[in-house]
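Chemist: Have a look at this one before I ask anything.
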Amino acid sequence: MIQSLVNWSGWEHKGVRIIALILAAAFYWLSISIPMDLMLQTLFSAAIFSCAMYLRRYTGTLISLIMVMFSISATSRYVFWRIAYTINTDSTTDLIFALMLVGAEIYAWIVLLLGYLQTAWPLKRKPVILPEDTSTWPTVDLFIPSYNEDLAVVKPTVLAALGIDWPRDKLNIVILDDGRRPEFAAFAKEVGVQCFTRPDNNHAKAGNINAALKRTTGEFVAIFDCDHMPTRSFLQYTMGWFLVDPKLAMIQTPHHFLSPDPFERNLNTFRNVPNEGELFYGLIQDGNDLWNATFFCGSCAVLRRKPLEEIGGIAVETVTEDAHTALKMQRRGYNTAYLSIPQAAGLATESLSAHVGQRIRWARGMAQIFRLDNPLLGKGLSFGQRLCYSNAMLHFFYGFPRMVFLLAPLSYLFFEVHIINATALSIAAYSLPHLLHANITNSRIQGAHRHSFWAEVYEATLAWYIFRPTLVALFNPKLGKFNVTAKGGLVEKEHFDWVISKPYLVMLGLNILGLFVGVGRALWWNTYELDTVLLNILWTIYNLVILGATLAVATETKQVRRSHRVRATLDAILRLPTGHSLVCKTEDFSMGGMSFHVPADFKIAQETEILVSLFSSTGESYFPAKVVFIKPGMVSVQFLPLDLAQQRELVACTIGRADVWLSWSDERDVDHPLNGFREIAMHSVRGFARFGAGLWQRVQENRGLWKRQH
């Protein structure tokens with residue numbers, strides 16, 4: 001019955017949709033505003049939640065939308081109750097702390113509403129097939145901007161670009177070297193691409209691209225960060241949409257990362273838990289596409305030259321030049337699009353400090369756009385576009401609200417301030433439905449791209465660092481400069497980052513102190529309101545779990561690989577010195593070596609030199625290698641020095657394959673909210689243990705230093 005209703009064709013009728021919206025709006029208003037006593041509120045919430053738990057077993061977007069409606073209603077009822085009934089105006093101190101918390105909750109409510117708007121109905125656009133006649137395909141300039149990255153980082157990107165399936169006379173590959181390094185020019189000449197420099201570095205990456213636009217003439221411009229290596233099918237996947245939509249100005253593809261970011265590396269969750277950016281590239285951008293509000297993300301994208309030149313090139317007014325560029329083109333009536341198919345892969349930030357620096361730039365830039373070119377104001381945008389852009393910018397203002405949530409219970413535990421003027425049972429009756437519905441609904445919609453409770457860890461880790469630049473940019477959007485995100489670096493040894501973790505340690509110390517004070521209040525000082533004490537203690541314990549996970553992230557694990565290993569199954573042949581050959585499959589690959597699955601009884605000596613055969617669209621390629629490791633069922637090899645032609649062939653056989661990234665997350669477990677919290681709790685325990693070990697090591701080092709000095 002339920003599934004039949006979901007699949008009913010009548011939902012496509014405009015009149016049916018209008019009636020459904022009117023009924024939903026009426027239910028929404030009634031559900032948030034009708035006063036109820038505690039018992040009735042509990043029964044009402046239990047009935048709605050039971051209905052949501054029953055419906056979540058069924059598939060379909062309609063069920064997701066019903067669950068969204070339940071979640072919005074529960075959250076709105078909580079916010080309405082908080083504003084109308086729980087703010088104590090008799091005490092100035094209570095009022096100040098209460099307004100801070102209510103402000104943070106209203107912010108979270110707005111972001112939740114806009115988040116549902118963006119993610120509840122992703123467009124899931126498919127590629128458009130190009131005409132068979134390649135003479136009709138347009139010309140493309142492919143830009144690879146670089147500033148201070150090593151040639152070893154840039155080289156694979158250039159070699160991958162050379163392997164793109166596109167008529168060679170219609171593809172112009174250009175390295176944009178803002179570092180003006182002779183070795184880059186020499187490399188470009190050797191492989192047959194162009195290398196542009198300019199006399200200054202004005203406007204950083206945006207200025208670099210704009211300078212190149214004046215020196216090229218292609219109908220379209222493809223842009224790749226210097227560590228983002230395209231697959232051979234990139235242009236064939238993306239260019240078809242430009243031919244069917246003359247108003248399409250930009251098409252974006254995901255930023256896919258073949259190396260772990262600091263969260264994934266330090267918590268050992270790489271490819272098991274979705275990374276921080278996957279929600280945006282896996283779902284939000286796809287949801288934006290429904291509203292014609294896809295953002296340009298600076299790389300892995302193609303732009304039509306004409307509209308780009310109409311707006312004066314890449315935007316230079318803010319440090320998030322990419323999103324601002326898309327906003328400018330859409331104000332002129334142009335369309336943007338998103339293909340949620342990984343067609344390039346790059347390197348994630350290697351350290352937490354670099355990761356924080358990158359997010360600071362994003363936050364500052366979004367705040368600058370919010371001030372200088374607010375999407376809610378001005379002409380040219382649809383209602384949906386305004387909301388999608390606004391949510392993207394509001395997201396980066398989470399710093400202050402997140403810190404409020406992490407410190408709010410301390411106002412009672414330290415100062416006996418009642419920031420919620422209600423009994424603990426009333427708070428539970430209104431807040432639990434809001435929290436439970438938000439968790440199960442987001443788990444259903446976002447679960448493939450963000451596990452439950454992980455957003456709290458990401459935000460707690462970055463909150464203090466995000467708060468400051470967004471606040472400054474609101475008052476003075478001209479302050480701040482573009483900072484380049486370092487890629488390809490190493491972490492020589494495991495260590496606890498005492499500098500980056502200072503905000504976490506302060507909040508952690510306050511919460512631990514608050515927990516001890518709370519125990520005192522429960523046992524001796526506030527026994528007359530034990531329920532309130534226990535509620536704040538539980539809240540503090542939850543905050544400690546989240547902050548413990550941030551300590552685990554701040555413990556930098558060792559990372560000494562310059563060439564990252566990618567787990568992938570590829571066909572291969574090992575050609576042995578004896579003349580025999582062994583057909584096998586790869587376990588992983590990198591630009592420096594490979595591992596292979598072999599029969600358990602296969603034997604070969606270490607240091608034996610062999611030839612490895614791999615396959616690409618152009619046929620079989622051979623790579624000299626030596627055996628560096630062997631165990632039953634597995635052989636690992638290191639490639640011997642490869643000439644430039646062999647390096648290009650290796651890229652074509654591995655990271656340049658059209659299908660190499662498509663099954664990246666196939667083995668990952670689906671999200672379950674309780675499992676998500678268990679994951680966070682386990683990492684929190686490890687975080688406290690790592691912090692303890694780091695503290696002991698620091699004490700020992702200081703003791704040794706004191707002894708040497710005395």
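Ligands are numbered from 1 in the order shown, residues from 1 within each chain, and chains are lettered A, B, ... in the order they appear in the structure tokens.
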List the neighbours of Asp37 in chain A out to 12 Å using only C-alpha atoms; skip same-chain residues closer than 4 positions along the sequence, and give me the result as a list in words.

Modeler: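 Result of the neighbour search: Gln41, Thr42, Leu43, Phe44, Trp81, Leu425, Ser426, Ala429 and Tyr430 of chain A.
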
Chemist: Could you write those residues out with N, CA, C and O atoms, as a PDB file, in the first residue's frame?

Modeler:
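See selection.pdb below for the written result:
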```
ATOM      1  N   GLN A  41       2.167  16.237  24.796  1.00  0.00           N
ATOM      2  CA  GLN A  41       3.350  16.471  23.970  1.00  0.00           C
ATOM      3  C   GLN A  41       4.156  15.190  23.799  1.00  0.00           C
ATOM      4  O   GLN A  41       4.598  14.862  22.693  1.00  0.00           O
ATOM      5  N   THR A  42       4.298  14.437  24.863  1.00  0.00           N
ATOM      6  CA  THR A  42       5.047  13.181  24.803  1.00  0.00           C
ATOM      7  C   THR A  42       4.350  12.173  23.905  1.00  0.00           C
ATOM      8  O   THR A  42       4.988  11.522  23.057  1.00  0.00           O
ATOM      9  N   LEU A  43       3.027  12.039  24.060  1.00  0.00           N
ATOM     10  CA  LEU A  43       2.268  11.075  23.244  1.00  0.00           C
ATOM     11  C   LEU A  43       2.280  11.484  21.768  1.00  0.00           C
ATOM     12  O   LEU A  43       2.448  10.639  20.880  1.00  0.00           O
ATOM     13  N   PHE A  44       2.084  12.780  21.508  1.00  0.00           N
ATOM     14  CA  PHE A  44       2.093  13.276  20.131  1.00  0.00           C
ATOM     15  C   PHE A  44       3.445  13.013  19.472  1.00  0.00           C
ATOM     16  O   PHE A  44       3.523  12.507  18.346  1.00  0.00           O
ATOM     17  N   TRP A  81       8.589  26.590  21.024  1.00  0.00           N
ATOM     18  CA  TRP A  81       8.469  26.415  22.483  1.00  0.00           C
ATOM     19  C   TRP A  81       9.600  27.138  23.210  1.00  0.00           C
ATOM     20  O   TRP A  81       9.366  27.803  24.223  1.00  0.00           O
ATOM     21  N   LEU A 425      12.233  17.307  32.343  1.00  0.00           N
ATOM     22  CA  LEU A 425      11.290  16.456  31.606  1.00  0.00           C
ATOM     23  C   LEU A 425      10.685  17.215  30.430  1.00  0.00           C
ATOM     24  O   LEU A 425      10.502  16.651  29.341  1.00  0.00           O
ATOM     25  N   SER A 426      10.364  18.486  30.620  1.00  0.00           N
ATOM     26  CA  SER A 426       9.817  19.284  29.520  1.00  0.00           C
ATOM     27  C   SER A 426      10.859  19.468  28.413  1.00  0.00           C
ATOM     28  O   SER A 426      10.544  19.372  27.223  1.00  0.00           O
ATOM     29  N   ALA A 429      11.010  16.313  26.503  1.00  0.00           N
ATOM     30  CA  ALA A 429       9.806  16.074  25.701  1.00  0.00           C
ATOM     31  C   ALA A 429       9.816  16.873  24.405  1.00  0.00           C
ATOM     32  O   ALA A 429       9.234  16.441  23.403  1.00  0.00           O
ATOM     33  N   TYR A 430      10.448  18.039  24.413  1.00  0.00           N
ATOM     34  CA  TYR A 430      10.487  18.872  23.204  1.00  0.00           C
ATOM     35  C   TYR A 430      11.777  18.699  22.400  1.00  0.00           C
ATOM     36  O   TYR A 430      11.752  18.756  21.165  1.00  0.00           O
TER      37      TYR A 430
END
```

Chemist: Please provide as a PyMOL selection string all residues within 8 Å of Met634 in chain A, with the sequence filter that same-chain residues fewer than 6 positions apart are discarded (counting only C-alpha atoms).

Modeler: chain A and resi 595-600

Chemist: Tell me, as a ChimeraX atom specification, which residues lie within 7 Å of Gly548 in chain A, counting only C-alpha atoms; anything in the same chain fewer than 4 positions away does not count.

Modeler: /A:544,552,684-685,687-688

Chemist: How far is it from CA of Phe370 in chain A to CA of Pro469 in chain A, in Å with one decimal?

Modeler: 13.0 Å

Chemist: Please list as a PyMOL selection string every residue within 9 Å of range 228-236 of chain A, counting only C-alpha atoms and excluding residues in the same chain fewer than 2 positions away.

Modeler: chain A and resi 127-130+144+154+156-166+222+224-226+238-240+255-257+299-300+302+342-347+652+655-660

Chemist: Just give me the gap between CA of Ala408 in chain A and CA of Asn275 in chain A in Å, one decimal is fine.

Modeler: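 These two atoms are separated by 28.0 Å.
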
Chemist: Could you list, as a PyMOL selection string, every residue within 8 Å of Gln285 in chain A, counting only C-alpha atoms and ignoring same-chain residues fewer than 6 positions away?

Modeler: chain A and resi 294-295+338

Chemist: May I have the selected residues written with C-alpha atoms, as a CSV table (one decimal), in the first residue's frame?

Modeler:
```csv
chain,number,residue,atom,x,y,z
A,294,THR,CA,25.6,24.5,-8.8
A,295,PHE,CA,28.8,26.2,-7.5
A,338,TYR,CA,26.8,19.2,-11.9
```

Chemist: Please provide the set of residues having any atom within 12 Å of Ala693 in chain A, restricted to only C-alpha atoms, with same-chain residues fewer than 2 positions apart removed, written as a list in words.

Modeler: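 Here the answer would be Glu494, His495, Phe496, Leu551, Ala552, Thr555, Arg686, Gly687, Phe688, Ala689, Arg690, Phe691, Leu695, Trp696, Gln697, Arg698, Val699 and Gln700 of chain A.
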
Chemist: Excluding range 389-396 of chain A and residues on its chain fewer than 6 positions from it, collect all residues at most 10 Å away from it, counting only C-alpha atoms, and give them as a PyMOL selection string.

Modeler: chain A and resi 107-108+110-115+117-118+280+284+288+293-295+323-324+327+359-360+362-370+374-376+381+459+463+466-467+469-470

Chemist: Run DSSP on the backbone of this structure and report the residues of range 159-283 of chain A it assigns to strand (DSSP E), as a VMD selection string.

Modeler: chain A and resid 171 to 177 194 to 196 220 to 223 229 to 230 248 to 252 256 to 257

Chemist: Of the candidates A:Tyr528, A:Phe220, A:Phe263, A:Tyr622, which shows the shortest atom-to-atom distance to Leu308 in chain A, using only C-alpha atoms?

Modeler: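 That would be A:Phe220, the residue with the smallest distance to Leu308 in chain A.
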